[in-house]
>>> print(open('query.cif').read())   # mmCIF, C-alpha atoms and all ligand atoms
data_input
loop_
_atom_site.label_atom_id
_atom_site.label_comp_id
_atom_site.auth_asym_id
_atom_site.auth_seq_id
_atom_site.Cartn_x
_atom_site.Cartn_y
_atom_site.Cartn_z
CA MET A 20 -61.11 26.04 316.16
CA GLN A 21 -59.70 23.61 318.72
CA GLU A 22 -56.86 21.43 317.40
CA SER A 23 -57.75 17.70 317.28
CA LEU A 24 -55.22 15.50 319.05
CA VAL A 25 -55.84 12.60 316.68
CA LYS A 26 -57.60 12.50 313.34
CA LEU A 27 -57.77 9.23 311.44
CA THR A 28 -59.49 9.34 308.06
CA ASN A 29 -60.37 6.15 306.17
CA VAL A 30 -57.34 4.30 307.50
CA THR A 31 -56.85 0.87 305.93
CA PHE A 32 -54.04 -1.49 306.91
CA ASN A 33 -53.01 -4.99 305.83
CA TYR A 34 -50.26 -7.24 307.21
CA GLY A 35 -48.99 -8.47 303.82
CA ASN A 36 -52.07 -9.94 302.14
CA SER A 37 -54.09 -10.11 305.36
CA PRO A 38 -56.51 -7.22 305.78
CA VAL A 39 -56.64 -6.00 309.39
CA LEU A 40 -58.19 -2.52 309.41
CA LYS A 41 -60.64 -1.13 306.88
CA ASP A 42 -61.75 2.49 306.53
CA ILE A 43 -61.18 3.56 310.12
CA THR A 44 -62.23 7.13 310.86
CA LEU A 45 -61.84 8.57 314.35
CA THR A 46 -61.23 12.00 315.87
CA VAL A 47 -60.02 12.56 319.42
CA GLN A 48 -60.37 16.04 320.89
CA PRO A 49 -58.47 17.47 323.89
CA GLY A 50 -59.75 16.19 327.22
CA GLU A 51 -61.69 13.23 325.83
CA PHE A 52 -61.40 9.75 327.39
CA TRP A 53 -61.83 7.02 324.77
CA ALA A 54 -62.33 3.35 325.53
CA LEU A 55 -61.22 1.27 322.53
CA ILE A 56 -62.90 -2.11 322.74
CA GLY A 57 -63.23 -5.14 320.47
CA PRO A 58 -62.66 -8.90 320.52
CA ASN A 59 -59.27 -10.62 320.30
CA GLY A 60 -57.61 -10.04 316.95
CA SER A 61 -59.94 -7.15 316.02
CA GLY A 62 -57.05 -4.80 315.27
CA LYS A 63 -56.90 -2.67 318.45
CA SER A 64 -53.13 -2.95 318.97
CA THR A 65 -52.54 -2.46 315.26
CA LEU A 66 -54.53 0.77 315.40
CA ILE A 67 -52.48 1.95 318.39
CA LYS A 68 -49.24 1.16 316.52
CA ILE A 69 -50.49 3.27 313.61
CA LEU A 70 -51.23 6.13 316.03
CA LEU A 71 -47.73 5.86 317.46
CA GLY A 72 -46.22 5.94 313.96
CA LEU A 73 -44.86 2.39 314.27
CA LEU A 74 -46.95 1.16 311.33
CA LYS A 75 -47.90 3.07 308.20
CA PRO A 76 -51.41 2.68 306.81
CA ASP A 77 -51.86 1.37 303.26
CA ARG A 78 -54.57 3.97 302.67
CA GLY A 79 -56.04 6.91 304.52
CA SER A 80 -54.47 9.65 306.60
CA VAL A 81 -53.26 10.03 310.19
CA GLU A 82 -52.94 13.46 311.76
CA LEU A 83 -51.64 14.23 315.23
CA PHE A 84 -52.07 17.67 316.81
CA GLY A 85 -53.37 19.04 313.50
CA SER A 86 -50.42 17.90 311.32
CA PRO A 87 -49.70 14.77 309.25
CA ILE A 88 -48.04 12.18 311.51
CA SER A 89 -44.87 12.16 309.37
CA SER A 90 -44.22 15.82 310.20
CA VAL A 91 -44.97 15.65 313.95
CA SER A 92 -41.83 16.25 315.97
CA HIS A 93 -43.37 16.67 319.44
CA LYS A 94 -43.57 12.99 320.25
CA GLU A 95 -43.42 13.82 323.99
CA ARG A 96 -46.99 15.11 323.65
CA ILE A 97 -48.01 11.43 323.62
CA GLY A 98 -47.43 9.18 326.62
CA TYR A 99 -47.67 5.47 325.88
CA VAL A 100 -48.04 2.58 328.33
CA SER A 101 -48.08 -0.94 326.93
CA GLN A 102 -49.55 -4.09 328.47
CA LYS A 103 -46.08 -5.55 328.94
CA SER A 104 -44.64 -2.75 331.06
CA ASN A 105 -45.18 -4.51 334.37
CA SER A 106 -42.73 -7.35 333.94
CA PHE A 107 -39.61 -6.42 335.92
CA ASN A 108 -38.09 -9.12 338.09
CA SER A 109 -37.28 -8.31 341.70
CA GLY A 110 -33.55 -7.84 341.02
CA PHE A 111 -33.97 -5.18 338.34
CA PRO A 112 -31.45 -2.47 339.34
CA ALA A 113 -33.52 0.73 339.13
CA THR A 114 -35.54 2.67 341.65
CA VAL A 115 -39.06 3.87 340.99
CA LEU A 116 -37.79 7.48 340.80
CA GLU A 117 -35.15 6.50 338.22
CA VAL A 118 -37.74 4.75 336.08
CA VAL A 119 -40.06 7.77 336.16
CA ARG A 120 -37.22 10.24 335.45
CA SER A 121 -36.21 8.17 332.44
CA GLY A 122 -39.54 9.26 330.91
CA LEU A 123 -38.00 12.71 330.55
CA THR A 124 -35.22 11.58 328.18
CA LYS A 125 -37.40 12.52 325.18
CA LYS A 126 -37.03 16.11 326.42
CA THR A 127 -33.53 16.05 327.93
CA GLY A 128 -31.75 13.56 325.62
CA LEU A 129 -30.36 10.21 326.75
CA PHE A 130 -26.97 11.44 328.00
CA LYS A 131 -27.96 14.67 329.69
CA ARG A 132 -27.85 14.74 333.49
CA PHE A 133 -31.18 15.09 335.23
CA SER A 134 -31.77 18.46 336.88
CA LYS A 135 -33.47 19.25 340.20
CA GLU A 136 -36.52 20.28 338.13
CA ASP A 137 -36.56 16.84 336.45
CA THR A 138 -36.60 15.14 339.85
CA GLU A 139 -39.40 17.46 340.97
CA ALA A 140 -41.39 16.68 337.80
CA ALA A 141 -40.90 12.95 338.41
CA MET A 142 -41.99 13.25 342.07
CA ASN A 143 -45.07 15.25 341.03
CA ALA A 144 -45.94 12.57 338.48
CA LEU A 145 -45.58 9.90 341.16
CA HIS A 146 -47.84 11.95 343.42
CA GLU A 147 -50.50 12.03 340.66
CA VAL A 148 -50.75 8.25 340.74
CA GLY A 149 -50.42 7.92 344.53
CA MET A 150 -46.95 6.32 344.38
CA GLU A 151 -44.58 8.98 345.76
CA LYS A 152 -43.87 6.98 348.90
CA PHE A 153 -42.39 4.24 346.71
CA ALA A 154 -39.87 6.59 345.01
CA ASP A 155 -36.77 4.94 346.50
CA ARG A 156 -38.00 1.37 346.22
CA ASN A 157 -36.62 -1.01 343.64
CA ILE A 158 -39.11 -1.22 340.74
CA GLY A 159 -38.93 -5.04 340.72
CA GLU A 160 -40.17 -5.23 344.33
CA LEU A 161 -43.55 -3.71 343.40
CA SER A 162 -46.71 -5.60 342.45
CA GLY A 163 -47.88 -5.63 338.82
CA GLY A 164 -50.55 -3.00 339.55
CA GLN A 165 -48.07 -0.76 341.37
CA GLN A 166 -45.55 -1.11 338.54
CA GLN A 167 -48.22 -0.14 336.05
CA ARG A 168 -48.95 3.04 338.06
CA VAL A 169 -45.24 3.84 337.95
CA PHE A 170 -45.33 3.50 334.16
CA ILE A 171 -48.28 5.82 333.94
CA SER A 172 -46.36 8.35 336.01
CA ARG A 173 -43.29 7.86 333.77
CA ALA A 174 -45.51 8.82 330.84
CA LEU A 175 -47.02 11.73 332.83
CA ALA A 176 -43.64 13.21 333.83
CA ALA A 177 -43.25 14.65 330.32
CA LYS A 178 -46.70 16.28 330.66
CA PRO A 179 -48.31 14.69 327.60
CA ASP A 180 -51.57 15.93 326.08
CA LEU A 181 -52.58 12.37 325.24
CA LEU A 182 -52.04 9.14 327.15
CA ILE A 183 -52.40 5.91 325.14
CA MET A 184 -52.64 2.63 327.00
CA ASP A 185 -52.91 -0.85 325.54
CA GLU A 186 -54.49 -3.17 328.12
CA PRO A 187 -52.61 -1.69 331.08
CA THR A 188 -54.32 -3.92 333.65
CA VAL A 189 -53.36 -7.31 332.20
CA GLY A 190 -52.23 -9.41 335.17
CA VAL A 191 -53.69 -6.96 337.71
CA ASP A 192 -56.43 -8.30 340.00
CA GLN A 193 -60.01 -7.01 339.73
CA GLN A 194 -59.96 -4.77 342.80
CA ASN A 195 -56.66 -3.14 341.84
CA SER A 196 -57.74 -2.72 338.25
CA ALA A 197 -60.92 -0.89 339.41
CA SER A 198 -58.85 1.52 341.52
CA PHE A 199 -56.40 1.89 338.62
CA TYR A 200 -59.26 2.96 336.35
CA SER A 201 -60.55 5.43 338.97
CA MET A 202 -57.09 6.96 339.02
CA LEU A 203 -57.25 7.36 335.21
CA GLU A 204 -60.66 8.99 335.48
CA LYS A 205 -59.25 11.45 338.01
CA LEU A 206 -56.23 12.25 335.78
CA ASN A 207 -58.57 12.88 332.89
CA ARG A 208 -61.00 14.98 334.92
CA ASP A 209 -58.58 16.99 337.06
CA ASN A 210 -55.59 17.33 334.72
CA GLY A 211 -57.50 17.39 331.43
CA ILE A 212 -55.27 14.73 329.86
CA ALA A 213 -56.94 12.98 326.92
CA ILE A 214 -56.84 9.18 327.16
CA ILE A 215 -57.17 6.32 324.70
CA LEU A 216 -57.53 3.10 326.64
CA VAL A 217 -57.62 -0.37 325.05
CA SER A 218 -59.24 -2.84 327.39
CA HIS A 219 -61.12 -6.11 327.56
CA GLU A 220 -62.81 -4.99 330.80
CA ILE A 221 -65.68 -3.61 328.75
CA ASP A 222 -68.14 -2.75 331.51
CA LEU A 223 -65.55 -0.96 333.62
CA VAL A 224 -64.02 1.11 330.86
CA THR A 225 -67.15 2.01 328.93
CA ASP A 226 -68.62 3.42 332.14
CA LEU A 227 -65.51 5.50 332.87
CA ALA A 228 -64.82 6.82 329.40
CA SER A 229 -66.48 9.82 327.82
CA HIS A 230 -66.37 8.10 324.40
CA VAL A 231 -66.35 4.53 323.13
CA ALA A 232 -64.90 3.06 319.93
CA CYS A 233 -66.00 -0.46 319.10
CA LEU A 234 -63.60 -2.05 316.62
CA ASN A 235 -63.69 -5.34 314.78
CA ARG A 236 -61.59 -4.77 311.67
CA THR A 237 -63.93 -1.88 310.82
CA MET A 238 -65.20 0.73 313.26
CA HIS A 239 -68.69 -0.48 314.21
CA PHE A 240 -69.44 2.33 316.62
CA HIS A 241 -67.68 5.46 317.78
CA GLY A 242 -69.33 8.11 319.83
CA GLY A 243 -70.28 9.31 323.29
CA ARG A 244 -70.70 6.94 326.23
CA ARG A 245 -74.40 7.73 326.58
CA ASP A 246 -75.09 6.77 322.97
CA PHE A 247 -73.04 3.64 323.47
CA ALA A 248 -75.12 2.76 326.54
CA LYS A 249 -78.28 2.93 324.40
CA LEU A 250 -77.07 0.17 322.07
CA ASN A 251 -78.60 -3.22 322.57
CA ASP A 252 -76.71 -6.43 323.22
CA THR A 253 -77.77 -7.92 319.88
CA ASP A 254 -75.88 -5.20 317.96
CA LEU A 255 -72.88 -5.53 320.18
CA SER A 256 -72.87 -9.32 320.00
CA ARG A 257 -73.10 -9.17 316.20
CA TRP A 258 -70.08 -6.85 316.08
CA TYR A 259 -68.18 -9.01 318.52
CA GLY A 260 -69.02 -12.20 316.61
CA HIS A 261 -70.21 -13.90 319.81
CA SER A 262 -72.71 -13.13 322.53
CA VAL A 263 -71.66 -10.41 324.93
CA ARG A 264 -73.11 -9.37 328.25
CA PHE A 265 -72.87 -5.66 328.96
CA ILE A 266 -73.57 -4.12 332.33
CA HIS A 267 -73.79 -0.35 332.25
CA GLN A 268 -73.13 0.41 335.90
CA LYS A 269 -73.44 4.21 335.81
CA GLU A 270 -76.76 4.11 333.99
CA GLY A 271 -77.92 1.47 336.47
CA ALA A 272 -79.10 -0.74 333.61
CA THR A 273 -78.12 -4.37 333.24
CA SER A 274 -78.60 -6.68 330.31
CA ASP A 275 -77.93 -10.35 329.72
CA ASP A 276 -77.24 -12.34 326.60
N1 LIG B 301 -46.87 -8.54 313.06
C1 LIG B 301 -47.95 -9.15 312.55
N2 LIG B 301 -47.88 -9.82 311.38
C2 LIG B 301 -48.96 -10.41 310.82
N3 LIG B 301 -50.19 -10.40 311.40
C3 LIG B 301 -50.31 -9.76 312.58
C4 LIG B 301 -49.20 -9.11 313.22
N4 LIG B 301 -49.64 -8.55 314.37
C5 LIG B 301 -50.96 -8.85 314.46
N5 LIG B 301 -51.36 -9.57 313.39
C6 LIG B 301 -52.72 -10.04 313.12
O1 LIG B 301 -53.54 -8.89 312.93
C7 LIG B 301 -54.82 -9.11 313.53
C8 LIG B 301 -55.09 -7.98 314.55
O2 LIG B 301 -54.16 -8.10 315.62
P1 LIG B 301 -54.13 -7.06 316.82
O3 LIG B 301 -53.00 -7.47 317.73
O4 LIG B 301 -54.10 -5.69 316.27
O5 LIG B 301 -55.53 -7.33 317.51
P2 LIG B 301 -56.06 -6.94 318.97
O6 LIG B 301 -57.45 -6.46 318.79
O7 LIG B 301 -55.10 -6.00 319.63
O8 LIG B 301 -56.06 -8.35 319.69
P3 LIG B 301 -55.98 -8.73 321.27
O9 LIG B 301 -57.22 -8.18 321.90
O10 LIG B 301 -55.98 -10.21 321.23
O11 LIG B 301 -54.71 -8.12 321.81
C9 LIG B 301 -54.79 -10.50 314.15
O12 LIG B 301 -55.38 -11.40 313.23
C10 LIG B 301 -53.31 -10.79 314.30
O13 LIG B 301 -53.06 -12.16 314.19
#
>>> encode(input="query.cif", output="structure tokens")
Amino acid sequence: MQESLVKLTNVTFNYGNSPVLKDITLTVQPGEFWALIGPNGSGKSTLIKILLGLLKPDRGSVELFGSPISSVSHKERIGYVSQKSNSFNSGFPATVLEVVRSGLTKKTGLFKRFSKEDTEAAMNALHEVGMEKFADRNIGELSGGQQQRVFISRALAAKPDLLIMDEPTVGVDQQNSASFYSMLEKLNRDNGIAIILVSHEIDLVTDLASHVACLNRTMHFHGGRRDFAKLNDTDLSRWYGHSVRFIHQKEGATSDD
């Protein structure tokens, strides 16, 4: 049987006495593209931190690559890009290539010199996101959207099986965020990399993803995009706690609140 990349079973988490996540169950298989959506404060980032091993659930189990998270040593199999990556000022003293190569330190160790192969892997990763011509530019001279592509390629350089992104397009304009998402779709389709993407751009991401998880402290829906598209706005608005307007572009259906 195929090894699941992620398997959460009845995960419950509280910050002190404040309950945040209750009975979350979710399985991510190789090659799947999950959109993780939910209103502000619904627990999306907390769930990602649990997946990355930064927080430990109070109850339930977390498995990565078929093993309990505590025993997983191949952390390079997960690439992570946070929403705050794109915040370098223009004087930051590192080139794009150096930033991407630094993504290989999980494999090479912090103080090992980079080899020719490392540079090649970094250039290939830049090529994947259409940024190779910026390799020698200073990272701080790039726009927010371009910097975010560089951070994706930094995560890709180590050839992860799973890419986790927490609102990667915050601060990126609408046009650039649409082309950013197309790039993710291509990476998923052509390279087979599984993706978990947290985003508030619900219409865009639920149309791109193969699967959708709708979180608001509990998991209200998780399943394939087509089943998600069949949900009505009343259900979704109830889960969100306020009215929501969903436009399913690929299905060609629109709905208003
Ligand atoms: N370190 C913390 N200590 C205590 N409470 C926290 C902490 N981090 C988050 N919370 C609370 O946990 C809840 C879930 O927060 P979380 O950041 O996971 O939500 P989110 O869905 O990612 O929100 P957003 O969409 O606004 O980024 C919120 O009520 C938040 O205030």
>>> atom_distance(input="query.cif", atom1="CA of Phe153 in chain A", atom2="CA of Gln102 in chain A")
21.3 Å
>>> closest_atom_pairs(input="query.cif", of="chain A", to="ligand LIG 301 (chain B)", cutoff="9 Å", atoms="all atoms listed in the file", output="CSV")
residue,atom,partner,partner_atom,distance
A:Asn33,CA,B:LIG301,O1,8.1
A:Tyr34,CA,B:LIG301,C2,5.0
A:Gly35,CA,B:LIG301,C2,7.3
A:Ser37,CA,B:LIG301,N3,7.2
A:Pro38,CA,B:LIG301,O1,7.9
A:Val39,CA,B:LIG301,C7,5.5
A:Leu40,CA,B:LIG301,C8,8.1
A:Ile56,CA,B:LIG301,O6,8.0
A:Gly57,CA,B:LIG301,O6,6.2
A:Pro58,CA,B:LIG301,O9,5.7
A:Asn59,CA,B:LIG301,O10,3.4
A:Gly60,CA,B:LIG301,O5,3.5
A:Ser61,CA,B:LIG301,O6,3.8
A:Gly62,CA,B:LIG301,O4,3.2
A:Lys63,CA,B:LIG301,O6,3.8
A:Ser64,CA,B:LIG301,O7,3.7
A:Thr65,CA,B:LIG301,O4,3.7
A:Leu66,CA,B:LIG301,O4,6.5
A:Ile67,CA,B:LIG301,O4,8.1
A:Lys68,CA,B:LIG301,O4,8.4
A:Asp185,CA,B:LIG301,O7,8.1
A:Glu186,CA,B:LIG301,O11,8.0
A:Val217,CA,B:LIG301,O7,8.2
A:Ser218,CA,B:LIG301,O9,7.9
A:His219,CA,B:LIG301,O9,7.2
A:Leu234,CA,B:LIG301,O6,7.9
A:Asn235,CA,B:LIG301,O6,7.5
A:Arg236,CA,B:LIG301,C8,7.8
>>> atom_distance(input="query.cif", atom1="CA of Asp254 in chain A", atom2="CA of Asn29 in chain A")
22.5 Å
>>> residues_around(input="query.cif", residues="Phe240 in chain A", least_positions_apart="3", cutoff="12 Å", atoms="all atoms listed in the file", output="VMD selection string")
chain A and resid 43 to 45 54 to 57 230 to 237 243 to 244 246 to 250 254 to 255 258 to 259
>>> residues_around(input="query.cif", residues="range 169-182 of chain A", least_positions_apart="5", cutoff="9 Å", atoms="all atoms listed in the file", output="PyMOL selection string")
chain A and resi 24+49-50+94-101+104-105+115-116+118-126+137+140-148+150+158+164+211-216
>>> atom_distance(input="query.cif", atom1="CA of Val30 in chain A", atom2="CA of Gly242 in chain A")
17.6 Å
>>> residues_around(input="query.cif", residues="Phe84 in chain A", least_positions_apart="2", cutoff="8 Å", atoms="all atoms listed in the file", output="list in words")
Glu22, Ser23, Leu24, Val25, Glu82, Ser86 and Val91 of chain A
>>> decode(input="query.cif", residues="range 61-92 of chain A", atoms="N, CA and C atoms", output="PDB file, in the first residue's frame")
ATOM      1  N   SER A  61      -9.164  30.268  13.004  1.00  0.00           N
ATOM      2  CA  SER A  61      -9.818  28.949  12.983  1.00  0.00           C
ATOM      3  C   SER A  61      -8.852  27.816  13.312  1.00  0.00           C
ATOM      4  N   GLY A  62      -7.562  28.122  13.395  1.00  0.00           N
ATOM      5  CA  GLY A  62      -6.591  27.098  13.802  1.00  0.00           C
ATOM      6  C   GLY A  62      -5.714  26.574  12.671  1.00  0.00           C
ATOM      7  N   LYS A  63      -5.728  27.248  11.506  1.00  0.00           N
ATOM      8  CA  LYS A  63      -4.968  26.744  10.346  1.00  0.00           C
ATOM      9  C   LYS A  63      -3.456  26.719  10.642  1.00  0.00           C
ATOM     10  N   SER A  64      -2.946  27.857  11.131  1.00  0.00           N
ATOM     11  CA  SER A  64      -1.495  27.923  11.389  1.00  0.00           C
ATOM     12  C   SER A  64      -1.105  26.973  12.514  1.00  0.00           C
ATOM     13  N   THR A  65      -1.994  26.833  13.492  1.00  0.00           N
ATOM     14  CA  THR A  65      -1.719  25.900  14.591  1.00  0.00           C
ATOM     15  C   THR A  65      -1.598  24.478  14.047  1.00  0.00           C
ATOM     16  N   LEU A  66      -2.496  24.131  13.128  1.00  0.00           N
ATOM     17  CA  LEU A  66      -2.448  22.796  12.525  1.00  0.00           C
ATOM     18  C   LEU A  66      -1.132  22.594  11.762  1.00  0.00           C
ATOM     19  N   ILE A  67      -0.714  23.620  11.032  1.00  0.00           N
ATOM     20  CA  ILE A  67       0.556  23.524  10.291  1.00  0.00           C
ATOM     21  C   ILE A  67       1.722  23.343  11.270  1.00  0.00           C
ATOM     22  N   LYS A  68       1.701  24.094  12.383  1.00  0.00           N
ATOM     23  CA  LYS A  68       2.784  23.951  13.371  1.00  0.00           C
ATOM     24  C   LYS A  68       2.817  22.537  13.949  1.00  0.00           C
ATOM     25  N   ILE A  69       1.655  21.928  14.111  1.00  0.00           N
ATOM     26  CA  ILE A  69       1.608  20.544  14.597  1.00  0.00           C
ATOM     27  C   ILE A  69       2.238  19.610  13.550  1.00  0.00           C
ATOM     28  N   LEU A  70       1.910  19.866  12.269  1.00  0.00           N
ATOM     29  CA  LEU A  70       2.475  19.042  11.191  1.00  0.00           C
ATOM     30  C   LEU A  70       3.990  19.164  11.113  1.00  0.00           C
ATOM     31  N   LEU A  71       4.489  20.356  11.439  1.00  0.00           N
ATOM     32  CA  LEU A  71       5.934  20.583  11.361  1.00  0.00           C
ATOM     33  C   LEU A  71       6.642  20.127  12.639  1.00  0.00           C
ATOM     34  N   GLY A  72       5.871  19.647  13.609  1.00  0.00           N
ATOM     35  CA  GLY A  72       6.467  19.178  14.862  1.00  0.00           C
ATOM     36  C   GLY A  72       6.814  20.312  15.819  1.00  0.00           C
ATOM     37  N   LEU A  73       6.307  21.518  15.550  1.00  0.00           N
ATOM     38  CA  LEU A  73       6.619  22.656  16.422  1.00  0.00           C
ATOM     39  C   LEU A  73       5.695  22.691  17.634  1.00  0.00           C
ATOM     40  N   LEU A  74       4.515  22.094  17.502  1.00  0.00           N
ATOM     41  CA  LEU A  74       3.581  21.977  18.626  1.00  0.00           C
ATOM     42  C   LEU A  74       3.174  20.512  18.749  1.00  0.00           C
ATOM     43  N   LYS A  75       2.934  20.100  19.990  1.00  0.00           N
ATOM     44  CA  LYS A  75       2.564  18.702  20.229  1.00  0.00           C
ATOM     45  C   LYS A  75       1.083  18.654  20.592  1.00  0.00           C
ATOM     46  N   PRO A  76       0.313  17.802  19.941  1.00  0.00           N
ATOM     47  CA  PRO A  76      -1.116  17.750  20.274  1.00  0.00           C
ATOM     48  C   PRO A  76      -1.355  17.235  21.690  1.00  0.00           C
ATOM     49  N   ASP A  77      -2.478  17.672  22.294  1.00  0.00           N
ATOM     50  CA  ASP A  77      -2.835  17.161  23.616  1.00  0.00           C
ATOM     51  C   ASP A  77      -3.375  15.736  23.501  1.00  0.00           C
ATOM     52  N   ARG A  78      -4.071  15.481  22.410  1.00  0.00           N
ATOM     53  CA  ARG A  78      -4.601  14.133  22.157  1.00  0.00           C
ATOM     54  C   ARG A  78      -4.499  13.829  20.681  1.00  0.00           C
ATOM     55  N   GLY A  79      -4.550  12.557  20.346  1.00  0.00           N
ATOM     56  CA  GLY A  79      -4.524  12.167  18.940  1.00  0.00           C
ATOM     57  C   GLY A  79      -3.108  11.868  18.468  1.00  0.00           C
ATOM     58  N   SER A  80      -3.003  11.408  17.214  1.00  0.00           N
ATOM     59  CA  SER A  80      -1.675  11.035  16.714  1.00  0.00           C
ATOM     60  C   SER A  80      -1.357  11.730  15.389  1.00  0.00           C
ATOM     61  N   VAL A  81      -0.054  11.974  15.193  1.00  0.00           N
ATOM     62  CA  VAL A  81       0.442  12.592  13.963  1.00  0.00           C
ATOM     63  C   VAL A  81       1.495  11.664  13.368  1.00  0.00           C
ATOM     64  N   GLU A  82       1.246  11.219  12.148  1.00  0.00           N
ATOM     65  CA  GLU A  82       2.244  10.393  11.452  1.00  0.00           C
ATOM     66  C   GLU A  82       2.699  11.113  10.196  1.00  0.00           C
ATOM     67  N   LEU A  83       3.995  11.057   9.942  1.00  0.00           N
ATOM     68  CA  LEU A  83       4.548  11.573   8.688  1.00  0.00           C
ATOM     69  C   LEU A  83       5.255  10.422   7.985  1.00  0.00           C
ATOM     70  N   PHE A  84       5.008  10.271   6.710  1.00  0.00           N
ATOM     71  CA  PHE A  84       5.666   9.234   5.899  1.00  0.00           C
ATOM     72  C   PHE A  84       5.532   7.850   6.545  1.00  0.00           C
ATOM     73  N   GLY A  85       4.393   7.610   7.181  1.00  0.00           N
ATOM     74  CA  GLY A  85       4.114   6.283   7.728  1.00  0.00           C
ATOM     75  C   GLY A  85       4.683   6.015   9.114  1.00  0.00           C
ATOM     76  N   SER A  86       5.318   7.017   9.739  1.00  0.00           N
ATOM     77  CA  SER A  86       5.885   6.805  11.087  1.00  0.00           C
ATOM     78  C   SER A  86       5.425   7.908  12.021  1.00  0.00           C
ATOM     79  N   PRO A  87       5.365   7.634  13.349  1.00  0.00           N
ATOM     80  CA  PRO A  87       5.005   8.699  14.287  1.00  0.00           C
ATOM     81  C   PRO A  87       5.963   9.883  14.131  1.00  0.00           C
ATOM     82  N   ILE A  88       5.428  11.093  14.237  1.00  0.00           N
ATOM     83  CA  ILE A  88       6.237  12.298  13.945  1.00  0.00           C
ATOM     84  C   ILE A  88       7.501  12.354  14.805  1.00  0.00           C
ATOM     85  N   SER A  89       7.428  11.843  16.042  1.00  0.00           N
ATOM     86  CA  SER A  89       8.589  11.915  16.939  1.00  0.00           C
ATOM     87  C   SER A  89       9.765  11.088  16.414  1.00  0.00           C
ATOM     88  N   SER A  90       9.477  10.101  15.561  1.00  0.00           N
ATOM     89  CA  SER A  90      10.580   9.246  15.099  1.00  0.00           C
ATOM     90  C   SER A  90      11.017   9.585  13.668  1.00  0.00           C
ATOM     91  N   VAL A  91      10.440  10.651  13.088  1.00  0.00           N
ATOM     92  CA  VAL A  91      10.769  10.978  11.694  1.00  0.00           C
ATOM     93  C   VAL A  91      12.055  11.791  11.642  1.00  0.00           C
ATOM     94  N   SER A  92      13.068  11.246  10.957  1.00  0.00           N
ATOM     95  CA  SER A  92      14.335  11.976  10.894  1.00  0.00           C
ATOM     96  C   SER A  92      14.519  12.699   9.560  1.00  0.00           C
TER      97      SER A  92
END
